[in-house]
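Beneath this line is the structure, given in structure tokens, with notes to follow.
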Amino acid sequence: MKKILSLVIVLCLLFTMTAVLAEEKLPEKLDIRALIWKYDDTYGSTVRVAMDKWAKYYAEEMGIDINFQMYDAADDMAKQIETATILTSEKPDFVIINLAEVTNGQVLVDMFTEADIPFLFYNKQPSEDTTQPVLIDTGTIFIGTLARQAGDMQGEILADLYKQDPSIDLNGDGVLQYVMLMGEPQNDEAIARSRYSVETAEANGLKLEQIGQTLVCNWDQALAQDAINAVWSANPDGKIEVIFANNDMMGLGAVAALNGFGWNTGKEGDPKVVVIGVDAVDSALESIKSGGMTATVQQDGDAMGKANIRIAINGALGRAWLDGTEYQYTDDPFHCIRIPYAKITEVK
């Protein structure tokens, strides 16, 4: 028994010494870069701020000097590829990728794989037809949201609004006429939000009718404003009762257009249609508070930024993606972390 106890003590000491030695092997510096889709995306800006904050936090916590730099592609895949070419020559320890075009992930994968630079994708999931070569075959990780969850919540919000106040059916015909503002036609998030906002509302007992075609506005406020100006002019006097927007910026563009027709001004007595967005950016919350937008679905930029940096550090150190973290993989065919959404229908 004494021999067994002695052996256990020796093994414990060996494990402790191994752990100490492993800690001592942490590098003094890490060089982490991030390729950003575009800096002027409002939600994306919250993620950038968070990444910068968490890079500083983990640098201090782990005692590592983290050189963290971000690069703006300005919604231009050619520019993102050009930056990636420069990075392959500079050999950073890790690259975080927010794709400028979801269909072109393979280009960056090939470049960084050849240069032996580990990488991850976040926010804009590589398109479905590239999932196998870009995500599965590479063994990389995607950090984002569950594509359909925001759409589900938009549909649930509309169903709840109707139950609380059937008068949102402005013409009283028992059918809610809606317009859909879509981000990008090949973006999984945009496709799912557009589909499930409607399907979930209908599954909750509502009858919906789309006015015109789905309006692709590339997540852009000005494009959405122009689109709603045109469709409202063709369907005046409350023929449109609901506007679904894949993100808040397009929702705000819709409100700006509606304001020009005297709708959704927030002024007492002025008419209003339902406008539901996604992201919960500050300007959207102010719009909800003042009577412009009706609701939004919160996408947590800080949580995504934190996950990006923490997982990137693991990748740079050659560790398993989730080593030492609180994250769990979701039920996807590839390594994936999903950041949850939340409904916001009231702002105080």
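How things are named: the first chain in the structure tokens is A, the next is B, and so on; residues count from 1 in each chain; ligands count from 1 in the order shown.
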Note to self: List as a PyMOL selection string the protein and nucleic acid residues near Ile337 (chain A), meaning an atom at most 8 Å away when only C-alpha atoms are counted, but skip any in the same chain fewer than 3 places from it.
What the structure shows: chain A and resi 141-145+327-330
Next item on the list: Find the residues around Asp41 (chain A) up to 10 Å (only C-alpha atoms counted), leave out those fewer than 3 positions away in its own chain, and share them as a VMD selection string.
Entry: chain A and resid 36 to 38 44 to 46 74 to 75 219 to 221 249
Write out, as a PDB file, in the first residue's frame, the residues just selected, with C-alpha atoms.
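The resulting result-v6.pdb:
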ATOM      1  CA  ILE A  36     -12.282  42.545 -41.787  1.00  0.00           C
ATOM      2  CA  TRP A  37     -15.088  42.603 -44.350  1.00  0.00           C
ATOM      3  CA  LYS A  38     -15.629  46.347 -43.962  1.00  0.00           C
ATOM      4  CA  GLY A  44     -18.988  44.618 -37.297  1.00  0.00           C
ATOM      5  CA  SER A  45     -17.560  47.672 -35.561  1.00  0.00           C
ATOM      6  CA  THR A  46     -18.777  46.355 -32.195  1.00  0.00           C
ATOM      7  CA  ALA A  74     -13.923  47.899 -47.575  1.00  0.00           C
ATOM      8  CA  ASP A  75     -16.311  45.244 -48.955  1.00  0.00           C
ATOM      9  CA  TRP A 219     -26.750  45.283 -45.427  1.00  0.00           C
ATOM     10  CA  ASP A 220     -26.626  48.986 -46.373  1.00  0.00           C
ATOM     11  CA  GLN A 221     -28.799  51.743 -44.896  1.00  0.00           C
ATOM     12  CA  MET A 249     -28.938  49.307 -40.769  1.00  0.00           C
TER      13      MET A 249
END
Next item on the list: Mind giving me the straight-line distance from CA of Ile344 (chain A) to CA of Asn308 (chain A) in Å, one decimal?
Entry: 24.7 Å
Next item on the list: Check the DSSP output for the backbone and give back, as a PyMOL selection string, the residues of region 170-294 of chain A in alpha helix (DSSP H).
Entry: chain A and resi 188-203+221-234+248-260+282-290
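Considering the residues A:Met250, A:Val107, A:Val275, A:Val179 and counting only C-alpha atoms, Trp232 (chain A) has its shortest atom-to-atom contact with A:Val179.
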Next item on the list: Could you find all residues in region 52-173 of chain A that DSSP calls strand (DSSP E or B) from the backbone, and write them as JSON, numbers by chain?
Entry: {"A": [65, 66, 67, 68, 69, 70, 71, 72, 94, 95, 96, 97, 119, 120, 121, 122, 141, 142, 143, 144]}
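A straight line drawn from CA of Gly172 (chain A) to CA of Gly205 (chain A) is 15.8 Å long.
With only C-alpha atoms as the atoms that count, the minimum distance from Ala190 (chain A) to the choices A:Lys25, A:Arg148, A:Arg319, A:Lys53 is reached by A:Arg148.
Nearest-residue note for Ala227 (chain A): choosing from A:Met182, A:Lys56, A:Thr265, A:Lys207, the minimum distance belongs to A:Met182, counting only C-alpha atoms.
Nearest to Asn247 (chain A) of all the residues A:Val278, A:Ala234, A:Ala100, A:Ile66 is A:Val278, counting only C-alpha atoms.
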